[in-house]
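Undergrad: One structure, pasted below without further comment.
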Amino acid sequence: MPSSRAVVAGLVVGLVHAAGLLVVALDLGYSVGPAEYSLVGLGWRYGGLVAVAAVPVWIALRYRLVGPVVALVLTSGYVVGMELAPPGPTFRDVAELERLAEPTGIVVVENGLYIVRYMVNASVWTVGFLFLGLVEYVARTAWDVLPSVPEPAPWLSVPSSRRRAIAVATAGGLFHAAAMVWFAARLGVTVTDGIDWLLYLYGAVGMWVLAAGPLYLLIRHRLVAPAALLTLFVLLDARAEFTASVDGPHALYFGAWFLYLALLLVAAGVEYGLRRIDAYRRFVSGA
């Protein structure tokens, strides 16, 4: 499908996706109407619900990649299913808690759990869906056992040149870093001695490295395992926010990113080793 038509179709699906989730949330009594937010907050939340669906649909229509759309359907279906499944929502009284916040000391920022958190964290989900599409694109381009991409991107040959791989990895790292730094700030990730700016500078650099490295290996050397594992980390990190736990995994992901980087490097080493073994076996059998 031509790019312009794919963009329009993606936006239409994104608008329907956002409207559907908001109708369900309002019907359940959640305070998510336009009057509840500032103009910036409204654009971030509503626009996020549009983008998180529009991007996977655009990828599917433009490049015939199914992974991001499947992930979107599963995620949105899970969100709506958990909201509607018995015994029903348990957050109908949050609005009352907000009114009682001053005398009781209870502070509630927003009510709801699944739809509201999906809406406010849409940027993180979008990054995960983008990475998933890139992993599928490279896998289907590089592996003969998978169906080839019918309409490969002219700007993204696999393997790419060093310059192109650096450009894609840099851009992907920046997207990942921006989403994860914002995610940490929204969750209130801090350090005990109060030097928060140093933590966020350290975390921002780490978030860039954590994504840029696997993406470079993916585009330049067709090593799929590190980028696939990174995508899994991102999606699991976002999904964990659906729980009502006070402590989430993002503080570990953000502060101890070097542990995740070590796992990604191990995955890269294992895949590279298996590939070398397979190449050697083919060489011997051919000889």
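To be explicit about the labels: the chains of the structure tokens are called A, B, and onward in the order shown, and within each one the residues are counted from 1, while ligands get numbers from 1 in the order they are shown.
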Need the shell around region 117-119 of chain A: protein/DNA/RNA residues with any atom at most 6 Å away, counting only C-alpha atoms. Skip same-chain ones fewer than 3 positions apart. Format as a list in words?
TA: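 The contact residues come out as Arg45, Leu49, Leu113, Tyr114 and Ala122 of chain A.
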Undergrad: Keeping only C-alpha atoms, take the residues you just selected and write them out as a compact mmCIF listing (two decimals), in the first residue's frame.
TA:
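Just written: out-v5.txt:
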```txt
# COMPACT_ATOMS: atom_id res chain seq x y z
CA ARG A 45 -3.00 10.84 26.77
CA LEU A 49 -3.86 6.11 22.47
CA LEU A 113 -5.78 0.72 36.33
CA TYR A 114 -5.62 -0.99 32.95
CA ALA A 122 1.38 4.58 25.48
```
Undergrad: Residues near Val23 (chain A), anyone? I mean within 10 Å using only C-alpha atoms, not counting same-chain ones fewer than 5 positions away, as a tab-separated table (two decimals) with C-alpha atoms, in the first residue's frame.
TA:
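To be explicit, this is the file written out as selection.tsv:
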```
chain	number	residue	atom	x	y	z
A	18	ALA	CA	-8.63	5.58	21.25
A	28	LEU	CA	-16.90	2.33	33.97
A	29	GLY	CA	-16.87	5.67	35.74
A	30	TYR	CA	-13.23	6.61	35.27
A	32	VAL	CA	-10.75	10.41	31.79
A	33	GLY	CA	-12.88	13.00	30.00
```
Undergrad: With only C-alpha atoms as the counted atoms, please give the residues lying no more than 8 Å from region 151-163 of chain A, apart from itself and same-chain residues fewer than 3 positions off, as a compact mmCIF listing (two decimals) with N, CA and C atoms, in the first residue's frame.
TA:
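Done, and the output landed in out-v7.txt:
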```txt
# COMPACT_ATOMS: atom_id res chain seq x y z
N ARG A 62 2.11 -0.86 5.35
CA ARG A 62 3.19 -0.37 4.49
C ARG A 62 4.20 -1.46 4.16
N TYR A 63 4.54 -2.30 5.16
CA TYR A 63 5.60 -3.28 4.95
C TYR A 63 5.14 -4.73 5.16
N ARG A 64 3.85 -4.93 5.41
CA ARG A 64 3.27 -6.27 5.57
C ARG A 64 3.92 -7.02 6.75
N VAL A 138 13.92 -7.54 9.86
CA VAL A 138 15.25 -8.09 9.62
C VAL A 138 15.20 -9.61 9.55
N THR A 141 13.80 -10.67 6.30
CA THR A 141 14.69 -10.32 5.19
C THR A 141 15.92 -11.22 5.15
N ALA A 142 16.39 -11.64 6.33
CA ALA A 142 17.64 -12.38 6.41
C ALA A 142 17.46 -13.89 6.42
N ILE A 166 24.46 2.86 11.97
CA ILE A 166 24.68 3.81 13.06
C ILE A 166 23.51 4.78 13.17
N ALA A 167 23.00 5.24 12.01
CA ALA A 167 21.88 6.19 12.01
C ALA A 167 20.63 5.56 12.62
N ILE A 219 20.85 -4.42 12.52
CA ILE A 219 20.86 -3.85 11.17
C ILE A 219 22.16 -4.15 10.43
N ARG A 220 23.26 -4.10 11.14
CA ARG A 220 24.57 -4.25 10.50
C ARG A 220 24.97 -5.72 10.32
N HIS A 221 24.70 -6.54 11.35
CA HIS A 221 25.18 -7.92 11.33
C HIS A 221 24.06 -8.97 11.37
N ARG A 222 22.82 -8.53 11.34
CA ARG A 222 21.66 -9.43 11.31
C ARG A 222 21.59 -10.35 12.53
```
Undergrad: Could you give me, as a PyMOL selection string, the residues within 12 Å of region 76-85 of chain A, counting only C-alpha atoms and dropping anything in the same chain fewer than 2 positions from it?
TA: chain A and resi 14+17-18+20-30+49+52-53+69-74+87-92+112-119+122+125+239+241-243
Undergrad: Store the residues picked out above in a file with C-alpha atoms, as a PDB file, in the first residue's frame.
TA:
```pdb
ATOM      1  CA  GLY A  14      -5.784   4.855  15.884  1.00  0.00           C
ATOM      2  CA  HIS A  17      -8.868   2.511  19.023  1.00  0.00           C
ATOM      3  CA  ALA A  18      -8.633   5.583  21.254  1.00  0.00           C
ATOM      4  CA  GLY A  20     -13.257   2.707  21.938  1.00  0.00           C
ATOM      5  CA  LEU A  21     -11.021   2.547  25.006  1.00  0.00           C
ATOM      6  CA  LEU A  22     -12.183   5.942  26.245  1.00  0.00           C
ATOM      7  CA  VAL A  23     -15.848   4.955  25.864  1.00  0.00           C
ATOM      8  CA  VAL A  24     -15.207   1.857  27.972  1.00  0.00           C
ATOM      9  CA  ALA A  25     -13.319   3.873  30.586  1.00  0.00           C
ATOM     10  CA  LEU A  26     -16.047   6.532  30.822  1.00  0.00           C
ATOM     11  CA  ASP A  27     -18.746   3.877  31.023  1.00  0.00           C
ATOM     12  CA  LEU A  28     -16.904   2.330  33.974  1.00  0.00           C
ATOM     13  CA  GLY A  29     -16.867   5.672  35.744  1.00  0.00           C
ATOM     14  CA  TYR A  30     -13.228   6.615  35.272  1.00  0.00           C
ATOM     15  CA  LEU A  49      -3.859   6.113  22.474  1.00  0.00           C
ATOM     16  CA  VAL A  52       0.014   3.302  19.915  1.00  0.00           C
ATOM     17  CA  ALA A  53      -2.459   1.797  17.421  1.00  0.00           C
ATOM     18  CA  VAL A  69      -0.379  -5.562  14.997  1.00  0.00           C
ATOM     19  CA  VAL A  70      -0.633  -8.922  16.769  1.00  0.00           C
ATOM     20  CA  ALA A  71       1.040  -7.399  19.833  1.00  0.00           C
ATOM     21  CA  LEU A  72      -1.343  -4.424  19.695  1.00  0.00           C
ATOM     22  CA  VAL A  73      -4.431  -6.650  19.452  1.00  0.00           C
ATOM     23  CA  LEU A  74      -3.257  -8.842  22.327  1.00  0.00           C
ATOM     24  CA  PRO A  87     -15.723  -9.245  39.455  1.00  0.00           C
ATOM     25  CA  GLY A  88     -15.443  -5.919  37.660  1.00  0.00           C
ATOM     26  CA  PRO A  89     -13.331  -2.812  38.174  1.00  0.00           C
ATOM     27  CA  THR A  90     -12.117  -2.121  41.679  1.00  0.00           C
ATOM     28  CA  PHE A  91     -11.338   1.550  41.151  1.00  0.00           C
ATOM     29  CA  ARG A  92     -14.800   3.122  40.971  1.00  0.00           C
ATOM     30  CA  GLY A 112      -8.416   3.313  36.891  1.00  0.00           C
ATOM     31  CA  LEU A 113      -5.783   0.718  36.327  1.00  0.00           C
ATOM     32  CA  TYR A 114      -5.621  -0.991  32.953  1.00  0.00           C
ATOM     33  CA  ILE A 115      -7.034   1.566  30.515  1.00  0.00           C
ATOM     34  CA  VAL A 116      -5.658   4.593  32.339  1.00  0.00           C
ATOM     35  CA  ARG A 117      -2.170   3.161  32.687  1.00  0.00           C
ATOM     36  CA  TYR A 118      -2.222   1.919  29.108  1.00  0.00           C
ATOM     37  CA  MET A 119      -3.166   5.421  28.013  1.00  0.00           C
ATOM     38  CA  ALA A 122       1.376   4.581  25.478  1.00  0.00           C
ATOM     39  CA  TRP A 125       4.236   0.534  24.299  1.00  0.00           C
ATOM     40  CA  ARG A 239       3.059  -4.530  31.189  1.00  0.00           C
ATOM     41  CA  GLU A 241       2.574  -1.222  35.342  1.00  0.00           C
ATOM     42  CA  PHE A 242      -0.824  -2.913  35.066  1.00  0.00           C
ATOM     43  CA  THR A 243      -0.265  -4.382  38.510  1.00  0.00           C
TER      44      THR A 243
END
```
Undergrad: Where in region 53-246 of chain A does DSSP assign alpha helix (DSSP H), given as a ChimeraX atom specification?
TA: /A:53-63,67-84,94-99,101-104,114-120,122-142,162-187,196-221,224-239
Undergrad: With only C-alpha atoms as the counted atoms, please give the residues lying no more than 10 Å from Asp237 (chain A), apart from itself and same-chain residues fewer than 4 positions off, as number ranges by chain.
TA: A: 124-125, 128, 180, 231-233, 241-242, 248-253
Undergrad: Please, could you write that set of residues out with C-alpha atoms as an mmCIF file, in the first residue's frame?
TA:
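The resulting file, part-v8.cif, is reproduced below:
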```cif
data_model
loop_
_atom_site.group_PDB
_atom_site.id
_atom_site.type_symbol
_atom_site.label_atom_id
_atom_site.label_comp_id
_atom_site.auth_asym_id
_atom_site.auth_seq_id
_atom_site.Cartn_x
_atom_site.Cartn_y
_atom_site.Cartn_z
ATOM 1 C CA VAL A 124 6.563 3.000 26.036
ATOM 2 C CA TRP A 125 4.236 0.534 24.299
ATOM 3 C CA GLY A 128 8.123 -1.732 22.001
ATOM 4 C CA MET A 180 12.254 5.391 29.487
ATOM 5 C CA THR A 231 11.898 -5.693 22.774
ATOM 6 C CA LEU A 232 10.761 -8.270 25.311
ATOM 7 C CA PHE A 233 12.293 -6.210 28.133
ATOM 8 C CA GLU A 241 2.574 -1.222 35.342
ATOM 9 C CA PHE A 242 -0.824 -2.913 35.066
ATOM 10 C CA GLY A 248 7.754 -1.806 39.819
ATOM 11 C CA PRO A 249 10.579 -3.240 37.711
ATOM 12 C CA HIS A 250 11.360 -0.008 35.917
ATOM 13 C CA ALA A 251 13.622 1.287 38.680
ATOM 14 C CA LEU A 252 15.806 -1.801 38.187
ATOM 15 C CA TYR A 253 15.649 -1.481 34.396
#
```
Undergrad: Would you mind telling me which residue in A:Trp58, A:Trp208, A:Phe129, A:Tyr37 lies nearest to Ala169 (chain A) when using only C-alpha atoms?
TA: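 Nearest to Ala169 (chain A): A:Trp208.
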Undergrad: Got a sec: who's within 12 Å of Gly10 (chain A), counting only C-alpha atoms, leaving out chain neighbours fewer than 2 positions off, as a short mmCIF file (atom, residue, chain, number, x, y, z; two decimals) with C-alpha atoms, in the first residue's frame?
TA:
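Once everything was written out, this is selection12.cif:
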```cif
data_model
loop_
_atom_site.label_atom_id
_atom_site.label_comp_id
_atom_site.auth_asym_id
_atom_site.auth_seq_id
_atom_site.Cartn_x
_atom_site.Cartn_y
_atom_site.Cartn_z
CA MET A 1 0.00 0.00 0.00
CA SER A 3 2.76 5.33 2.20
CA SER A 4 0.14 8.10 2.25
CA ARG A 5 -2.79 5.68 2.25
CA ALA A 6 -1.11 3.59 4.95
CA VAL A 7 -0.69 6.70 7.11
CA VAL A 8 -4.35 7.68 6.69
CA VAL A 12 -8.25 6.15 11.30
CA VAL A 13 -7.62 2.91 13.19
CA GLY A 14 -5.78 4.86 15.88
CA LEU A 15 -8.73 7.20 16.36
CA VAL A 16 -11.16 4.28 16.56
CA HIS A 17 -8.87 2.51 19.02
CA VAL A 50 -4.04 7.09 18.81
CA ALA A 51 -0.32 6.64 18.13
CA VAL A 52 0.01 3.30 19.92
CA ALA A 53 -2.46 1.80 17.42
CA ALA A 54 -1.67 3.93 14.36
CA VAL A 55 2.03 3.00 14.28
CA PRO A 56 1.57 -0.82 14.20
CA VAL A 57 -1.23 -0.53 11.63
CA TRP A 58 0.92 1.71 9.43
CA ILE A 59 3.80 -0.78 9.69
CA ALA A 60 1.48 -3.65 8.77
CA LEU A 61 -0.03 -1.90 5.76
CA ARG A 62 3.19 -0.37 4.49
CA VAL A 69 -0.38 -5.56 15.00
#
```
Undergrad: Between CA of Tyr46 (chain A) and CA of Ala204 (chain A), what is the distance, to one decimal in Å?
TA: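 CA of Ala204 (chain A) lies at a distance of 25.8 Å from CA of Tyr46 (chain A).
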Undergrad: When you draw a straight line from CA of Val149 (chain A) to CA of Ala225 (chain A), how long is it in Å?
TA: 19.2 Å
Undergrad: Show me, as CSV, the residues of region 123-211 of chain A having an atom within 12 Å of region 257-278 of chain A, each with the closest atom pair and its distance in Å, using only C-alpha atoms.
TA:
```
residue,atom,partner,partner_atom,distance
A:Trp143,CA,A:Arg275,CA,11.9
A:Ala177,CA,A:Trp257,CA,11.5
A:Met180,CA,A:Trp257,CA,11.2
A:Leu199,CA,A:Trp257,CA,11.9
A:Tyr202,CA,A:Trp257,CA,9.7
A:Gly203,CA,A:Trp257,CA,7.6
A:Ala204,CA,A:Trp257,CA,10.1
A:Val205,CA,A:Trp257,CA,9.8
A:Gly206,CA,A:Trp257,CA,6.1
A:Met207,CA,A:Trp257,CA,7.1
A:Trp208,CA,A:Trp257,CA,10.1
A:Val209,CA,A:Leu261,CA,8.2
A:Leu210,CA,A:Leu261,CA,5.8
A:Ala211,CA,A:Leu261,CA,8.9
```
Undergrad: If you measure from CA of Glu36 (chain A) to CA of Leu236 (chain A), what distance in Å do you get, rounded to one decimal?
TA: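 One can read the CA of Glu36 (chain A) to CA of Leu236 (chain A) distance as 28.9 Å.
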